[in-house]
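K.L.:
Encoded as structure tokens, here's the structure I'll be asking about.
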Amino acid sequence: MKQQRQMQRKKLGCVVSALLLLSASSMMDGFARGQTTSLLSVEKAFDQVVQSPAGNDLQMEQFLLARIPPLPRLSTAKQWSDDEKQLRQRILRDVVYHGWPQEWVDSAPHFELVGTIETDKGYRIRKLRYQIVPGFLGTALLYEPENIHERMPAVLNLTGHEPAGIAVEYEQKRCINLAKHGIVALNTEWVGFGGLSQAGNAHDYGAQLNLVGSNVVGFFYLAMRRGLDYLATLPEVDPQRIGVTGLSGGGWQTVILSALDERVAVSVEVAGVGSRESNLTRPLDTDEVEEGAPDLIREQDYPELIAMRAPRPTLLIHNAVDSCCFRAPLVKPYIYDNVVSFFDLFGAPGALAWYENFNPGTHNYQLDNREQAYRFFTRHFQLPVAQEETFSDNELRTKEELAIAVPSDNLTIIDLARKLASRIKKEVVPTDAAQRTEWTRSQRQKLKSIVRYEPTSTVNALRVGNGIGLDFQYISYRFDFSNGLSSTGVWFKENAAPRDQPGVIVLNDKGSKFAGRTVSEHIDRGDQVLALDLLFNGTSAPGSNDPADWAMLADGSGSRPLGLEVAQLISVARWLRSTTGISKIQVETDGMRSQVIALIAAAIEPQEFSILVSRNAMRSLAYLLDAPVPIRSAPELFCLDLYKDYDLNSLEVLASPVTITATESTEPVGTWKLKRYTE
């Protein structure tokens, strides 16, 4: 035993010696590169926990909860009828159709029959292609009863996040059963899935539509509205008896379309929406760019959208232990209990119905939920009530049998964004001095409006930790702002450097812990350095979900993530200047996100900054379209109207007299984060 311990000590001694040699070698290597400040000791400063991810989550929850509009208090049905009409017009005009060409919005439905599948089961299936917008075709299946004696009701079936699209089993069964009960059933393919699952149709690329000035929700709304337009024109369809239904993303579409288009007589939503309260505690429930579209829930939330249905028949189906989103016990108090009183005003309490699914209780539109829908539709369409589903498993078709080809040059979402970008005509910077002064003033105000810039002050700069390196000291800070949000940073100063040395704020797209080399270089020059993590980045990012989910929730609530971060940077720069006595602040960025944040901060408040240096930068915002970059890799950059009105060169003009230099990024496109769906 004693010999074994001696052998262990001998081995341990060899390991320690090797580590010491390796450490000495690393230090010598650093000195050989001319680096006098130990990079390792700088990077160690970022190991201190300044703010927990859970704390960031809580701050975002509180910030957004405070911005939830209260449900209207009403006394009469007429009052709500008048109010909801105005609300509908305002949502369509200011949000949904924001930036969309009026001729596209007003265009008539254009559907083309491309094939028919005859059955001997009492219905036929027609294959259709239709125009969503010029150059962009969608696809659909029309399940049509064989025997048509009079005008029949119809149901628009909206597909959700299903890789198989309109060929998925439960969509086929539902449409077959509706047709067998004398209801025309139109099933539209959702862009991004099934036959429209081309790479450029990933929903994350919908953010590019915002960037070029067309609200992303408008595209998805036009896609779903076309189906309603088409059904209303069919001679066999009774336009007074049209319904809409869908699961998940299809349920979200159902709520949006049913609220904003009064032609929807009956609506059945399945696991498609929650309220802002439930979405803030479970951001993954609503993490799609169309669901978090700019300003969609700024003045109203999903409960108000459902209330706008009153007194038209509306069934909300949610699942008890939903494996995806919008669990029944978590959303019912907000989206049903709070809304039923609106239907009571009209003397139609039964028109708003609720059903909680326990079999299987997970994310589904299976038998139990389908039978609930059949009963609701047939009852309110004045048909014999369908109590049970007719067995149709042996009638299902394969994806190949139901496939509908689209042209090889059919636009994708990213193509459409590029097409809209090509129509942009930006304002030319005046050459006359007086005109340029006025242009700068007006453009600066416009920029503030686009990024929703609201000045914020640093109410607390809390010292959380500190340490010393070889020849410097550092202090970790949490900056609390007057709007209830915060950011984190680490301040560095060389021991021998005088107080009047330049002050530099360092931003890195990957977070401050990746800024060690840049910080070390500035310490070696005697600069005072603040490595800063702004909201949605690094240690300041909410941690329970992808920061992009929180950014989209903020965007939908009317706060632009970009404006929030710009306000933080300006506030911290003012704090740093007042604390250190430095007259102006330099900013050094690494990556396109921090580049744009710093540039817009300088464009809005140029007097706060002296020099802006950007590494791994973009030459133009067009790079976001050309790469393309999905929203999850740079959530704040896809600010509604930003590229429509500005590019980096015009922002640099507004930032004058700040000295600006930039070197372009060489980061490969394949590193971008893209949400994907799999079978």
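We name chains A, B, ... following the order of the structure tokens; residues begin at 1 in each chain, and ligands are numbered from 1 as shown.
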Assign secondary structure with DSSP using the backbone only, and return the residues of range 92-172 of chain A in alpha helix (DSSP H) as a PyMOL selection string.
P.N.:
chain A and resi 102-106+169-172
K.L.:
Return as CSV the residues of range 564-590 of chain A lying at most 7 Å from range 454-462 of chain A, together with the closest atom-to-atom pair for each and the distance in Å to one decimal, counting only C-alpha atoms, with rows in chain order and ascending residue number.
P.N.:
```
residue,atom,partner,partner_atom,distance
A:Ala567,CA,A:Pro455,CA,5.6
A:Gln568,CA,A:Thr456,CA,7.0
A:Ser571,CA,A:Ser457,CA,5.5
A:Val572,CA,A:Thr458,CA,6.8
A:Trp575,CA,A:Thr458,CA,6.9
```
K.L.:
Store the residues picked out above in a file with N, CA and C atoms, as a CSV table (one decimal), in the first residue's frame.
P.N.:
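Output file again-v9.csv is given in full below:
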```
chain,number,residue,atom,x,y,z
A,567,ALA,N,-30.6,52.2,-26.7
A,567,ALA,CA,-30.8,53.0,-25.5
A,567,ALA,C,-29.9,52.6,-24.4
A,568,GLN,N,-29.7,51.3,-24.3
A,568,GLN,CA,-28.8,50.9,-23.2
A,568,GLN,C,-27.3,51.3,-23.5
A,571,SER,N,-27.0,55.0,-22.7
A,571,SER,CA,-27.1,55.3,-21.3
A,571,SER,C,-25.8,54.9,-20.6
A,572,VAL,N,-25.2,53.7,-21.0
A,572,VAL,CA,-23.9,53.3,-20.3
A,572,VAL,C,-22.8,54.2,-20.7
A,575,TRP,N,-23.0,57.1,-18.5
A,575,TRP,CA,-22.5,56.7,-17.2
A,575,TRP,C,-21.0,56.7,-17.1
```
K.L.:
Find the residues near range 57-71 of chain A: any atom within 10 Å, counting only C-alpha atoms, skip ones fewer than 6 places away on the same chain, and give them as a PyMOL selection string.
P.N.:
chain A and resi 275-277+279-281+283+297-301+303-304+307+338-339+483-486+535+540-545+547+550-551+553-554+557-559
K.L.:
Point out the residue among A:Asp47, A:Glu652, A:Asp261, A:Asp524 with the least atom-to-atom distance to Ile604 in chain A, counting only C-alpha atoms.
P.N.:
A:Glu652
K.L.:
Would you mind listing what lies within 12 Å of Gly503 in chain A as number ranges by chain, with only C-alpha atoms counted and same-chain residues fewer than 4 positions away left out?
P.N.:
A: 491-494, 497-499, 519, 522-523, 525-531, 572-588, 608-611
K.L.:
Do you know which residues are at most 12 Å from Ser75 in chain A counting only C-alpha atoms, after dropping those on the same chain fewer than 3 positions away, and could you put them as a list in words?
P.N.:
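Once the adjacent positions are removed, what remains is Pro72, Lys78, Gln79, Trp80, Ser81, Ser341, Phe342, Asp344, Leu345 and Phe346 of chain A.
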K.L.:
Need to verify the contact set: Glu103 in chain A, 12 Å, only C-alpha atoms, exclusion of same-chain residues closer than 6 positions in sequence. Can you return it as a PyMOL selection string?
P.N.:
chain A and resi 97+133-134
K.L.:
Those selected residues, please, written with N, CA, C and O atoms and delivered as a compact mmCIF listing (two decimals), in the first residue's frame.
P.N.:
```
# COMPACT_ATOMS: atom_id res chain seq x y z
N TYR A 97 -51.24 44.96 -43.09
CA TYR A 97 -50.93 45.39 -44.45
C TYR A 97 -49.83 46.46 -44.50
O TYR A 97 -49.60 47.07 -45.56
N VAL A 133 -49.06 36.20 -53.81
CA VAL A 133 -48.70 37.52 -54.34
C VAL A 133 -48.07 37.24 -55.70
O VAL A 133 -47.70 36.10 -56.01
N PRO A 134 -47.93 38.24 -56.56
CA PRO A 134 -47.36 37.99 -57.89
C PRO A 134 -46.02 37.26 -57.83
O PRO A 134 -45.09 37.68 -57.13
```
K.L.:
What parts of range 433-584 of chain A does DSSP call strand (DSSP E)? I'd like the answer as a ChimeraX atom specification.
P.N.:
/A:458-468,472-481,486-494,503-508,528-533
K.L.:
If you measure from CA of Ala601 in chain A to CA of Leu447 in chain A, what distance in Å do you get, rounded to one decimal?
P.N.:
10.3 Å
